[in-house]
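Pasted below: input.txt, compact mmCIF, C-alpha atoms and all ligand atoms.
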# COMPACT_ATOMS: atom_id res chain seq x y z
CA MET A 1 79.78 63.59 108.20
CA LEU A 2 76.19 63.21 109.37
CA LEU A 3 75.00 64.27 112.81
CA SER A 4 74.24 61.30 115.07
CA THR A 5 70.51 62.12 114.92
CA GLU A 6 70.68 61.77 111.14
CA LEU A 7 72.13 58.27 111.29
CA PHE A 8 70.07 55.07 111.38
CA ALA A 9 68.40 54.80 114.78
CA ASP A 10 70.40 52.96 117.47
CA ALA A 11 73.50 52.67 115.26
CA ASN A 12 75.55 53.73 118.24
CA SER A 13 78.72 51.64 117.92
CA GLU A 14 82.10 52.83 116.81
CA TYR A 15 83.16 51.24 113.53
CA ALA A 16 85.92 49.27 115.24
CA ASP A 17 83.43 47.58 117.58
CA ALA A 18 80.58 47.07 115.10
CA ASP A 19 79.43 43.65 113.90
CA PHE A 20 77.15 45.27 111.29
CA VAL A 21 77.99 48.29 109.14
CA ILE A 22 75.19 50.23 107.46
CA PHE A 23 75.89 52.56 104.55
CA GLY A 24 73.62 54.47 102.20
CA VAL A 25 74.10 55.04 98.50
CA PRO A 26 72.15 57.96 97.04
CA PHE A 27 72.28 56.81 93.42
CA ASP A 28 69.50 56.20 90.88
CA LYS A 29 71.11 56.97 87.54
CA THR A 30 69.89 53.90 85.58
CA SER A 31 66.39 53.84 87.07
CA SER A 32 64.00 53.20 84.22
CA PHE A 33 60.59 54.44 85.40
CA ARG A 34 60.21 56.35 88.66
CA LYS A 35 63.52 57.83 89.75
CA GLY A 36 64.15 59.02 93.29
CA SER A 37 65.78 56.07 95.05
CA LYS A 38 68.76 58.38 95.62
CA ARG A 39 66.65 59.89 98.40
CA ALA A 40 65.79 56.52 100.00
CA SER A 41 68.63 56.25 102.50
CA SER A 42 67.70 59.50 104.27
CA ALA A 43 63.98 58.59 104.26
CA ILE A 44 64.77 55.16 105.73
CA ARG A 45 67.00 56.68 108.41
CA GLU A 46 64.27 59.14 109.38
CA ALA A 47 61.67 56.33 109.54
CA SER A 48 63.98 54.16 111.66
CA TYR A 49 63.28 56.39 114.68
CA ASN A 50 59.65 55.21 114.77
CA PHE A 51 60.48 51.84 116.29
CA GLU A 52 61.22 50.47 119.74
CA THR A 53 64.77 49.28 120.28
CA TYR A 54 63.44 46.00 121.72
CA ASN A 55 62.38 43.25 119.29
CA PRO A 56 60.07 40.85 121.18
CA HIS A 57 60.14 38.14 118.48
CA TYR A 58 63.89 37.65 118.86
CA ASP A 59 64.11 38.92 122.46
CA VAL A 60 66.87 41.24 121.23
CA ASP A 61 67.35 44.89 122.09
CA LEU A 62 69.09 46.73 119.27
CA CYS A 63 70.83 48.87 121.90
CA ASN A 64 72.76 45.72 122.75
CA VAL A 65 73.73 44.87 119.17
CA ALA A 66 76.94 46.47 117.89
CA PHE A 67 76.18 48.27 114.66
CA CYS A 68 77.16 51.55 113.06
CA ASP A 69 76.09 53.73 110.15
CA LEU A 70 78.78 55.19 107.88
CA GLY A 71 76.32 57.66 106.36
CA ASP A 72 75.97 58.04 102.61
CA ILE A 73 78.72 57.06 100.19
CA LYS A 74 79.51 59.87 97.79
CA GLY A 75 80.81 58.35 94.60
CA SER A 76 81.23 59.06 90.93
CA VAL A 77 78.32 60.32 88.85
CA SER A 78 79.06 57.55 86.31
CA VAL A 79 77.48 54.13 86.85
CA ASP A 80 80.79 52.33 86.40
CA GLY A 81 82.59 54.66 88.83
CA MET A 82 79.84 54.43 91.45
CA LEU A 83 79.84 50.64 91.34
CA LYS A 84 83.64 50.57 91.76
CA THR A 85 83.34 52.81 94.83
CA ILE A 86 80.69 50.53 96.36
CA ARG A 87 82.84 47.48 95.75
CA ASN A 88 85.75 49.17 97.57
CA VAL A 89 83.54 50.12 100.52
CA ALA A 90 82.08 46.59 100.77
CA GLU A 91 85.52 44.98 100.48
CA GLY A 92 86.81 47.15 103.32
CA ILE A 93 83.92 46.14 105.59
CA LEU A 94 84.39 42.44 104.78
CA LYS A 95 88.15 42.64 105.31
CA ASP A 96 87.42 43.94 108.81
CA GLY A 97 85.21 40.91 109.50
CA LYS A 98 81.91 42.81 109.59
CA ILE A 99 78.56 42.35 107.89
CA PRO A 100 77.69 45.05 105.32
CA ILE A 101 74.14 46.44 105.13
CA MET A 102 73.59 48.63 102.09
CA MET A 103 70.63 50.97 101.76
CA GLY A 104 70.14 51.85 98.08
CA GLY A 105 69.69 53.54 95.81
CA GLU A 106 68.82 51.43 92.86
CA HIS A 107 69.27 47.69 92.45
CA SER A 108 72.38 47.88 90.23
CA LEU A 109 74.30 48.68 93.45
CA THR A 110 73.85 45.08 94.65
CA TYR A 111 76.24 43.75 91.99
CA PRO A 112 79.47 45.31 93.38
CA CYS A 113 78.48 44.22 96.92
CA ILE A 114 78.31 40.61 95.74
CA GLN A 115 81.57 40.98 93.78
CA ALA A 116 83.23 42.06 97.03
CA PHE A 117 82.57 38.61 98.52
CA GLN A 118 84.41 36.84 95.66
CA GLY A 119 81.99 33.94 95.69
CA ILE A 120 78.78 33.79 97.72
CA SER A 121 75.33 32.32 97.17
CA THR A 122 72.66 34.93 96.67
CA VAL A 123 68.93 35.19 97.33
CA VAL A 124 67.24 38.07 95.52
CA LEU A 125 63.72 39.12 96.54
CA ASP A 126 62.30 40.94 93.54
CA ALA A 127 59.17 41.33 91.43
CA HIS A 128 61.38 41.40 88.34
CA LEU A 129 63.71 38.87 86.75
CA ASP A 130 66.27 41.60 85.91
CA LEU A 131 67.92 39.18 83.45
CA ARG A 132 68.34 41.40 80.38
CA ASP A 133 71.88 41.46 79.01
CA GLU A 134 71.55 45.23 78.62
CA TYR A 135 68.92 47.93 79.00
CA ASP A 136 69.05 51.32 77.27
CA GLY A 137 72.53 50.35 76.08
CA CYS A 138 73.74 49.83 79.67
CA LYS A 139 74.89 46.45 80.97
CA LEU A 140 75.06 47.82 84.52
CA SER A 141 71.41 48.97 84.51
CA HIS A 142 69.21 47.98 87.45
CA ALA A 143 67.17 46.02 84.89
CA CYS A 144 70.19 43.72 84.31
CA VAL A 145 71.37 43.20 87.88
CA SER A 146 70.43 39.54 88.30
CA ARG A 147 72.06 38.72 84.94
CA ARG A 148 75.33 40.28 86.19
CA ILE A 149 75.04 38.52 89.56
CA ILE A 150 74.54 35.15 87.89
CA GLU A 151 77.57 35.75 85.64
CA GLU A 152 79.55 36.45 88.81
CA ILE A 153 78.45 33.54 91.03
CA GLY A 154 76.92 30.96 88.65
CA ALA A 155 73.26 29.97 88.26
CA MET A 156 73.56 27.15 90.79
CA ASN A 157 74.34 29.70 93.51
CA TYR A 158 71.42 32.02 92.79
CA VAL A 159 67.69 32.01 93.53
CA SER A 160 65.07 34.74 93.32
CA ILE A 161 61.75 34.86 95.17
CA GLY A 162 58.58 36.84 94.45
CA ILE A 163 59.06 37.10 90.68
CA ARG A 164 56.08 38.16 88.55
CA SER A 165 57.54 40.24 85.73
CA GLY A 166 60.00 39.92 82.88
CA ALA A 167 60.29 40.13 79.12
CA ARG A 168 59.79 36.96 77.08
CA GLU A 169 63.54 36.92 76.34
CA GLU A 170 64.23 36.87 80.08
CA TYR A 171 61.92 33.88 80.62
CA ASP A 172 63.69 32.17 77.68
CA PHE A 173 67.02 32.87 79.42
CA VAL A 174 65.63 31.25 82.60
CA LYS A 175 64.83 28.04 80.69
CA GLU A 176 68.10 27.93 78.76
CA ASN A 177 70.25 28.52 81.84
CA ASP A 178 68.26 26.63 84.47
CA ILE A 179 67.73 29.70 86.67
CA HIS A 180 65.97 28.83 89.93
CA PHE A 181 63.17 31.24 90.88
CA TYR A 182 59.92 31.23 92.82
CA PRO A 183 56.99 33.21 91.37
CA THR A 184 54.46 34.82 93.73
CA GLU A 185 51.87 32.27 92.63
CA GLN A 186 54.07 29.54 94.12
CA ILE A 187 54.29 31.43 97.41
CA GLN A 188 50.50 31.68 97.37
CA SER A 189 49.91 27.98 96.61
CA GLU A 190 52.71 26.37 98.66
CA GLY A 191 53.39 28.99 101.32
CA ILE A 192 56.55 30.91 102.12
CA VAL A 193 57.74 28.25 104.59
CA HIS A 194 57.98 25.65 101.83
CA VAL A 195 59.55 28.09 99.35
CA VAL A 196 62.30 29.18 101.74
CA ARG A 197 63.05 25.61 102.81
CA ASP A 198 63.36 24.62 99.14
CA ALA A 199 65.65 27.59 98.40
CA ILE A 200 67.97 26.74 101.30
CA GLU A 201 68.15 23.11 100.17
CA TYR A 202 68.86 24.14 96.59
CA LEU A 203 71.68 26.53 97.53
CA ASN A 204 73.15 24.04 100.01
CA THR A 205 75.62 26.52 101.52
CA GLU A 206 76.66 28.14 104.77
CA ARG A 207 76.94 31.68 103.35
CA ILE A 208 74.19 33.65 101.68
CA TYR A 209 73.85 37.27 100.55
CA LEU A 210 70.28 38.62 100.70
CA SER A 211 69.18 41.44 98.40
CA ILE A 212 65.70 42.88 98.89
CA ASP A 213 64.31 44.90 96.01
CA VAL A 214 61.37 46.44 97.86
CA ASP A 215 59.17 46.07 94.76
CA VAL A 216 58.90 42.37 95.68
CA ILE A 217 56.32 43.53 98.24
CA ASP A 218 52.80 44.28 97.01
CA PRO A 219 52.36 47.95 96.02
CA ALA A 220 49.50 48.15 98.54
CA TYR A 221 52.12 47.90 101.29
CA ALA A 222 55.09 49.40 99.44
CA PRO A 223 53.80 51.88 96.83
CA ALA A 224 56.96 54.01 96.70
CA VAL A 225 59.27 51.95 94.51
CA GLY A 226 60.82 52.58 91.11
CA ASN A 227 58.79 49.95 89.25
CA PRO A 228 55.68 48.95 91.22
CA GLU A 229 54.22 45.57 90.24
CA PRO A 230 50.84 44.27 91.52
CA PHE A 231 50.20 40.73 92.86
CA GLY A 232 53.11 41.02 95.26
CA VAL A 233 54.34 39.41 98.45
CA ASP A 234 53.05 40.24 101.95
CA PRO A 235 55.56 42.02 104.24
CA ILE A 236 55.22 39.32 106.91
CA ASP A 237 56.45 36.75 104.39
CA ILE A 238 59.56 38.90 103.84
CA LYS A 239 60.05 38.92 107.62
CA TYR A 240 59.91 35.12 107.53
CA VAL A 241 62.52 34.96 104.76
CA ILE A 242 64.89 37.13 106.82
CA GLN A 243 64.27 35.02 109.93
CA SER A 244 64.90 31.72 108.12
CA LEU A 245 67.98 32.85 106.23
CA ALA A 246 69.54 34.73 109.15
CA PRO A 247 71.90 31.90 110.23
CA TYR A 248 73.41 31.92 106.72
CA LEU A 249 73.44 35.64 105.96
CA SER A 250 76.80 37.36 105.43
CA GLY A 251 75.54 40.47 103.65
CA PHE A 252 72.28 42.34 103.16
CA ASP A 253 70.85 45.15 101.10
CA LEU A 254 67.55 46.89 100.58
CA VAL A 255 67.04 48.86 97.38
CA GLU A 256 64.63 50.69 95.07
CA ILE A 257 62.52 52.74 97.51
CA SER A 258 61.54 55.99 95.78
CA PRO A 259 60.30 58.19 98.67
CA GLU A 260 58.53 60.92 96.73
CA TYR A 261 55.75 58.43 95.89
CA ASP A 262 55.33 57.58 99.56
CA HIS A 263 53.11 58.62 102.43
CA GLY A 264 55.91 57.27 104.59
CA GLN A 265 54.82 53.63 104.73
CA THR A 266 57.40 52.26 102.27
CA ALA A 267 60.31 53.94 104.06
CA LEU A 268 58.90 52.66 107.39
CA LEU A 269 58.74 49.13 106.01
CA GLY A 270 62.29 49.42 104.66
CA ALA A 271 63.60 50.63 108.02
CA LYS A 272 61.70 47.85 109.81
CA LEU A 273 63.13 45.13 107.53
CA ILE A 274 66.68 46.38 108.17
CA ARG A 275 65.96 46.33 111.93
CA GLU A 276 64.50 42.83 111.59
CA PHE A 277 67.66 41.66 109.85
CA ILE A 278 69.91 43.08 112.58
CA ALA A 279 67.74 41.57 115.33
CA ALA A 280 67.47 38.20 113.57
CA LYS A 281 71.19 37.95 112.81
CA GLY A 282 72.10 39.46 116.17
CA SER A 283 70.17 36.67 117.91
CA VAL A 284 71.75 33.79 115.96
MN MN A 301 62.49 44.94 90.86
For the file at hand, write its structure as structure tokens.
Ligand SMILES: [Mn+2]
Amino acid sequence: MLLSTELFADANSEYADADFVIFGVPFDKTSSFRKGSKRASSAIREASYNFETYNPHYDVDLCNVAFCDLGDIKGSVSVDGMLKTIRNVAEGILKDGKIPIMMGGEHSLTYPCIQAFQGISTVVLDAHLDLRDEYDGCKLSHACVSRRIIEEIGAMNYVSIGIRSGAREEYDFVKENDIHFYPTEQIQSEGIVHVVRDAIEYLNTERIYLSIDVDVIDPAYAPAVGNPEPFGVDPIDIKYVIQSLAPYLSGFDLVEISPEYDHGQTALLGAKLIREFIAAKGSV
């Protein structure tokens, strides 16, 4: 059990009263380049104390939003076992009618969260396609997470935004399976407002899960990620995505921060985006 000062700032509700339930997952076993996302949840919690409780954009004070932090989930050391544990945790939160907020850890952890919904449209913000069938012999690798998500929910219920990296075979898979994604160049030419409107129209649903791989953001703003990729998205565009999707959002995660490559700014941005989500959804 964590001390209250070690929990996410302002997560002062009891579980029974909470509308939002934060949990951390210190797990980075399949990370392919810079490991260390297992330390992200504590870095994000520490950074969360930097910010005011009041959010002027939404006119919401987080002190008045009911949310709690379960602390970190200690699971199996195996990938398969860890993902099963996460699915159980997410299912419990959903059964109790609350919105789960997962702080990774690596991106593979998103898959069991989406499985827990048993059918939900998904928006992934990511620099990478993550559409390999397997990586290093592992189908549950973070490099395969969007492939697993699409198998779970179907291509028509999936979009990704901010893409600028993938193997040729992944781009072939996109064409063959009609995967809907928005490269950063499209955000630059058409603007994030157009891109998000198009994504919402395409998904045509009332319920969306949002997964933010922090490497979607340009490394200038978010250098401490597992696989940094230049030509990225501006943080304020990510804020706009959260704002626009908020009425539809039923689940949220933020993954892939690797704090040892940070001077604190990536963890701060991660904490801020989680606070933005709670304020945006709390004001709907
Ligand atoms: Mn990525």
What are the nearest atom pairs, with distances in Å to one decimal, for all residues of chain A that come at most 9 Å from ligand MN 301 (chain A), using only C-alpha atoms and all ligand atoms, set out by chain and rising residue number as a Markdown table?
| residue | atom | partner | partner_atom | distance |
| --- | --- | --- | --- | --- |
| A:His107 | CA | A:MN301 | MN | 7.5 |
| A:Leu125 | CA | A:MN301 | MN | 8.2 |
| A:Asp126 | CA | A:MN301 | MN | 4.8 |
| A:Ala127 | CA | A:MN301 | MN | 4.9 |
| A:His128 | CA | A:MN301 | MN | 4.5 |
| A:Leu129 | CA | A:MN301 | MN | 7.4 |
| A:Asp130 | CA | A:MN301 | MN | 7.1 |
| A:His142 | CA | A:MN301 | MN | 8.1 |
| A:Ala143 | CA | A:MN301 | MN | 7.7 |
| A:Ile163 | CA | A:MN301 | MN | 8.6 |
| A:Ser165 | CA | A:MN301 | MN | 8.5 |
| A:Ile212 | CA | A:MN301 | MN | 8.9 |
| A:Asp213 | CA | A:MN301 | MN | 5.5 |
| A:Val214 | CA | A:MN301 | MN | 7.2 |
| A:Asp215 | CA | A:MN301 | MN | 5.2 |
| A:Val216 | CA | A:MN301 | MN | 6.5 |
| A:Val225 | CA | A:MN301 | MN | 8.5 |
| A:Gly226 | CA | A:MN301 | MN | 7.8 |
| A:Asn227 | CA | A:MN301 | MN | 6.4 |
| A:Pro228 | CA | A:MN301 | MN | 7.9 |
| A:Glu229 | CA | A:MN301 | MN | 8.3 |
| A:Val255 | CA | A:MN301 | MN | 8.9 |
| A:Glu256 | CA | A:MN301 | MN | 7.4 |
Name the closest residue to Ile217 of chain A among the candidates A:Asp237, A:Asp198, A:Asp19, A:Asp28; distances are taken between atoms, counting only C-alpha atoms. A:Asp237
If I take atom CA of Ile161 of chain A and atom CA of Tyr182 of chain A, how far is one from the other in Å, to one decimal?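 Distance reported for this atom pair: 4.7 Å.
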Using all atoms listed in the file, which of the listed residues (A:Arg39, A:Lys139, A:Lys281, A:Lys239) sits closest to Glu151 of chain A? A:Lys139
Shortest interatomic distance to Gly162 of chain A - which of A:Ile120, A:Leu62, A:Val195, A:Ile86, counting all atoms listed in the file: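 Checking each of A:Ile120, A:Leu62, A:Val195, A:Ile86 against Gly162 of chain A, counting all atoms listed in the file, the winner is A:Val195.
Residues lying within 7 Å of Tyr209 of chain A, counting only C-alpha atoms and ignoring same-chain neighbours fewer than 3 positions away, are Ile120, Ser121, Thr122, Val123, Leu249, Ser250, Gly251 and Phe252 of chain A.
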Create the file for the chosen residues now, containing C-alpha atoms and written as a PDB file, in the frame of the given file.
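Final output, saved to result11.pdb:
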ATOM      1  CA  ILE A 120      78.780  33.790  97.720  1.00  0.00           C
ATOM      2  CA  SER A 121      75.330  32.320  97.170  1.00  0.00           C
ATOM      3  CA  THR A 122      72.660  34.930  96.670  1.00  0.00           C
ATOM      4  CA  VAL A 123      68.930  35.190  97.330  1.00  0.00           C
ATOM      5  CA  LEU A 249      73.440  35.640 105.960  1.00  0.00           C
ATOM      6  CA  SER A 250      76.800  37.360 105.430  1.00  0.00           C
ATOM      7  CA  GLY A 251      75.540  40.470 103.650  1.00  0.00           C
ATOM      8  CA  PHE A 252      72.280  42.340 103.160  1.00  0.00           C
TER       9      PHE A 252
END
Just want the 12 Å neighbourhood of Gly97 of chain A, counted on only C-alpha atoms, with same-chain residues fewer than 6 positions away dropped. Output as a PyMOL selection string. chain A and resi 15-21+90-91+117+250-251
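What separates atom CA of Gly71 of chain A from atom CA of Met102 of chain A is a distance of 10.4 Å.
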List the spatial neighbours of Val196 of chain A as a PyMOL selection string - criterion: any atom at most 9 Å away, all atoms listed in the file, same-chain residues fewer than 6 positions off excluded. chain A and resi 161+240-241+244-245
Which one is closest to Ala224 of chain A: A:Ile242, A:Leu268, A:Val77, A:Met156? Count only C-alpha atoms.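 Selected residue with least distance to Ala224 of chain A: A:Leu268.
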Residue with the minimum atom-to-atom distance to Phe8 of chain A, picked from A:Ile208, A:Leu109, A:Ala271, A:Val124 with all atoms listed in the file counted, is A:Ala271
Nearest to Glu169 of chain A: which of A:Asp69, A:Asp218, A:Asp133, A:Asp253 is it, counting only C-alpha atoms?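 Comparing A:Asp69, A:Asp218, A:Asp133, A:Asp253 against Glu169 of chain A, the winner is A:Asp133.
Taking atom CA of Ile200 of chain A as the reference point, atom CA of Leu131 of chain A is found at 21.8 Å.
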Would you mind listing what lies within 8 Å of Thr110 of chain A as a list of chain:residue names, with all atoms listed in the file counted and same-chain residues fewer than 2 positions away left out? A:His107, A:Ser108, A:Pro112, A:Cys113, A:Ile114, A:Val145, A:Ser211, A:Asp253
Please identify all polymer residues lying at most 6 Å from the point (69.6, 53.0, 98.2) (file coordinates), using all atoms listed in the file, and present the result as JSON, numbers by chain. {"A": [24, 25, 26, 37, 40, 41, 103, 104, 105, 106, 255]}
